[in-house]
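S.K.: Take a look at the following structure, please.
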Amino acid sequence: MSSAEIAAAVADAHRREWASVLAATVRVTRDLDLAEECVQDAYARALSAWAADGVPRSPGAWLTTTARRRALDLLRRESTARRALPLLVEDERVGAPEEDDRLRLVFTACHPALAREAQVALALRLLCGCSTAEVARAFLVAEPTMAARITRAKKKIAAARIPYRVPPVDELGERVEAVCEVVHLLFTTGHAAPAGADLIRRDLVERALDLARMLHALLPRRPEVTGLLALILLTDARREARHDDGSLVLLGDQDRGRWDRAAITEGIALVREALRHRPPGRYALMAAIAAVHDEAPSADATDWHEIVGLYDLLVALWPSPVVALNRAVAIGFADGPAAGLAALEPLGDEPQLAGYPYLAVARAEFLQRLGRGAEARDAYEEALLLTENTVERDHLAGRLAQLGP
């Protein structure tokens, strides 16, 4: 195999296997930093070893074995020094079976001793192997801020000797919300990759779906868990229709015959179950919005007024700038582009949206529909400056070209 093919195989193994390899290595090191170092070393070694011996039949198993051997070697060398250092405590009496090591990892990162922002950031970093810069983009914060947040979280886990396990049932409640947030952010990062040549990071999407199913099996009666699984199923059901020959296809233009009807049926049943609880949670409401789209036989038949009503409930429950942006877009489809533009106006002062390209994209779309071409051009150019995903950049460049000189 060529060096490019080997590099591609290692990159694919990183996307698919990172979380499992890291989780298995943490069981040996009981130290997050050391485990990450050993896993990174294993991936580096794969570049030369696979070039010489070929890509192994099971890349994940090869990487796990290599990382764990490296960890054991380092622990033997440093055993005297490390006796004085705080380590993760592994409690084998409770927790998930070994095949659910990823759940151990996410519940450890989401320990209530950590601040919520630190819980979610650390879990996302550990689960998907994203760089600190990528995690920072997902949170709409500066990279140095995120780096400090992740470092402090790791130190606190070690100093507090937080157990590496899924907690017993009576302790699950205080962590479930953070774990759901992690899985949701993992999914959204894969569903609309913030950077790179691919519109969708399938590995992250599938990892999030896998974790959501595990959580639902563990906690089948928790409405937030049920709502989260419904949301992922109903949103991901449109995956194959979102791109055509590498080009982005917007929701209104998608071939609905390519949507995954089995996933939609499963998701609808789950969202109905989640909505039985009052008041409904944010994942149930987001899943309900996705269900309105998925059940519409055509784009023109979409009940945008119902979607606005659901967003009204969601923004009251979860006053996020991104939710407010999505609500404004829905208003634009329900009541016309002028109404949508008016709803977007106050969001221009939101610091969290200053580097968020979708605000500029929404403004550009509404301005174009209103015939305000010069202003639409400025908004598209702003969105292009803020967009790092190649597929989305190509789409925006095409929209810009349609405006003419």
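Within each chain, counting starts at residue 1; across the structure tokens, chains are named A, B, ... in the order shown, with ligands numbered 1 upward in that order.
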Pick out the residues sitting within 10 Å of Asp41 of chain A, and hand them over as number ranges by chain; count only C-alpha atoms, and ignore anything fewer than 2 positions along from it in its own chain.

M.R.: A: 35-39, 43-46, 63, 66-67, 70-71

S.K.: Please provide the set of residues having any atom within 7 Å of segment 131-146 of chain A, restricted to only C-alpha atoms, with same-chain residues fewer than 3 positions apart removed, written as a list of chain:residue names.

M.R.: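 Listed by chain and then number, they are A:Ala121, A:Arg125, A:Arg149, A:Ile150, A:Thr189, A:Gln352.
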
S.K.: As number ranges by chain, please: every residue in segment 136-366 of chain A that a backbone DSSP assignment puts in helix (DSSP H, G or I).

M.R.: A: 136-139, 143-159, 169-191, 202-218, 223-236, 239-241, 251-253, 256-258, 261-275, 282-295, 304-317, 321-335, 337-349, 351-353, 357-366

S.K.: Gly404 of chain A: which residues within 12 Å, counting only C-alpha atoms, same-chain residues fewer than 4 positions away excluded, as a ChimeraX atom specification?

M.R.: /A:368,373-374,376-377,397-400

S.K.: Hey, can you spit out that residue selection with N, CA and C atoms as a PDB file, in the first residue's frame?

M.R.:
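Dumped to selection_6.pdb:
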ATOM      1  N   GLN A 368     -31.855  37.714   0.172  1.00  0.00           N
ATOM      2  CA  GLN A 368     -31.963  37.336  -1.238  1.00  0.00           C
ATOM      3  C   GLN A 368     -33.433  37.176  -1.631  1.00  0.00           C
ATOM      4  N   GLY A 373     -30.189  42.309  -3.102  1.00  0.00           N
ATOM      5  CA  GLY A 373     -29.031  41.554  -3.558  1.00  0.00           C
ATOM      6  C   GLY A 373     -27.703  42.011  -2.989  1.00  0.00           C
ATOM      7  N   ALA A 374     -27.474  43.317  -2.910  1.00  0.00           N
ATOM      8  CA  ALA A 374     -26.185  43.814  -2.417  1.00  0.00           C
ATOM      9  C   ALA A 374     -25.969  43.414  -0.963  1.00  0.00           C
ATOM     10  N   ALA A 376     -27.450  40.902   0.534  1.00  0.00           N
ATOM     11  CA  ALA A 376     -27.319  39.446   0.561  1.00  0.00           C
ATOM     12  C   ALA A 376     -25.899  39.035   0.223  1.00  0.00           C
ATOM     13  N   ARG A 377     -25.306  39.712  -0.769  1.00  0.00           N
ATOM     14  CA  ARG A 377     -23.914  39.409  -1.131  1.00  0.00           C
ATOM     15  C   ARG A 377     -22.986  39.614   0.061  1.00  0.00           C
ATOM     16  N   ALA A 397     -20.498  29.518  -1.961  1.00  0.00           N
ATOM     17  CA  ALA A 397     -19.912  30.152  -3.142  1.00  0.00           C
ATOM     18  C   ALA A 397     -20.874  30.069  -4.319  1.00  0.00           C
ATOM     19  N   GLY A 398     -21.586  28.950  -4.438  1.00  0.00           N
ATOM     20  CA  GLY A 398     -22.576  28.808  -5.497  1.00  0.00           C
ATOM     21  C   GLY A 398     -23.732  29.778  -5.328  1.00  0.00           C
ATOM     22  N   ARG A 399     -24.201  29.941  -4.098  1.00  0.00           N
ATOM     23  CA  ARG A 399     -25.282  30.891  -3.838  1.00  0.00           C
ATOM     24  C   ARG A 399     -24.837  32.318  -4.155  1.00  0.00           C
ATOM     25  N   LEU A 400     -23.591  32.617  -3.821  1.00  0.00           N
ATOM     26  CA  LEU A 400     -23.044  33.938  -4.093  1.00  0.00           C
ATOM     27  C   LEU A 400     -22.970  34.188  -5.593  1.00  0.00           C
TER      28      LEU A 400
END

S.K.: Here is a test: counting only C-alpha atoms, which residue of A:Asp198, A:Glu177, A:Asp73, A:Asp303 is nearest to His111 of chain A?

M.R.: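 Among A:Asp198, A:Glu177, A:Asp73, A:Asp303, it is A:Glu177 that comes nearest to His111 of chain A.
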
S.K.: With DSSP run on the backbone, what are the strand (DSSP E) residues within segment 62-279 of chain A? I'd like them as a PDB file with N, CA and C atoms, in the first residue's frame.

M.R.:
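Listed below is the output, result-v4.pdb:
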ATOM      1  N   ALA A 195     -15.450  21.601  10.232  1.00  0.00           N
ATOM      2  CA  ALA A 195     -14.315  21.837   9.343  1.00  0.00           C
ATOM      3  C   ALA A 195     -14.018  20.555   8.576  1.00  0.00           C
ATOM      4  N   GLY A 196     -13.201  20.700   7.521  1.00  0.00           N
ATOM      5  CA  GLY A 196     -12.778  19.531   6.764  1.00  0.00           C
ATOM      6  C   GLY A 196     -13.505  19.396   5.446  1.00  0.00           C
ATOM      7  N   HIS A 243     -26.697  15.177   0.794  1.00  0.00           N
ATOM      8  CA  HIS A 243     -25.618  15.481  -0.148  1.00  0.00           C
ATOM      9  C   HIS A 243     -25.857  14.696  -1.436  1.00  0.00           C
ATOM     10  N   ASP A 244     -25.396  15.268  -2.535  1.00  0.00           N
ATOM     11  CA  ASP A 244     -25.560  14.645  -3.844  1.00  0.00           C
ATOM     12  C   ASP A 244     -24.280  14.893  -4.629  1.00  0.00           C
ATOM     13  N   SER A 247     -22.185  17.482  -3.055  1.00  0.00           N
ATOM     14  CA  SER A 247     -22.762  18.814  -2.883  1.00  0.00           C
ATOM     15  C   SER A 247     -23.833  18.803  -1.796  1.00  0.00           C
ATOM     16  N   LEU A 248     -23.937  19.911  -1.082  1.00  0.00           N
ATOM     17  CA  LEU A 248     -24.934  20.048  -0.032  1.00  0.00           C
ATOM     18  C   LEU A 248     -26.325  20.187  -0.640  1.00  0.00           C
TER      19      LEU A 248
END
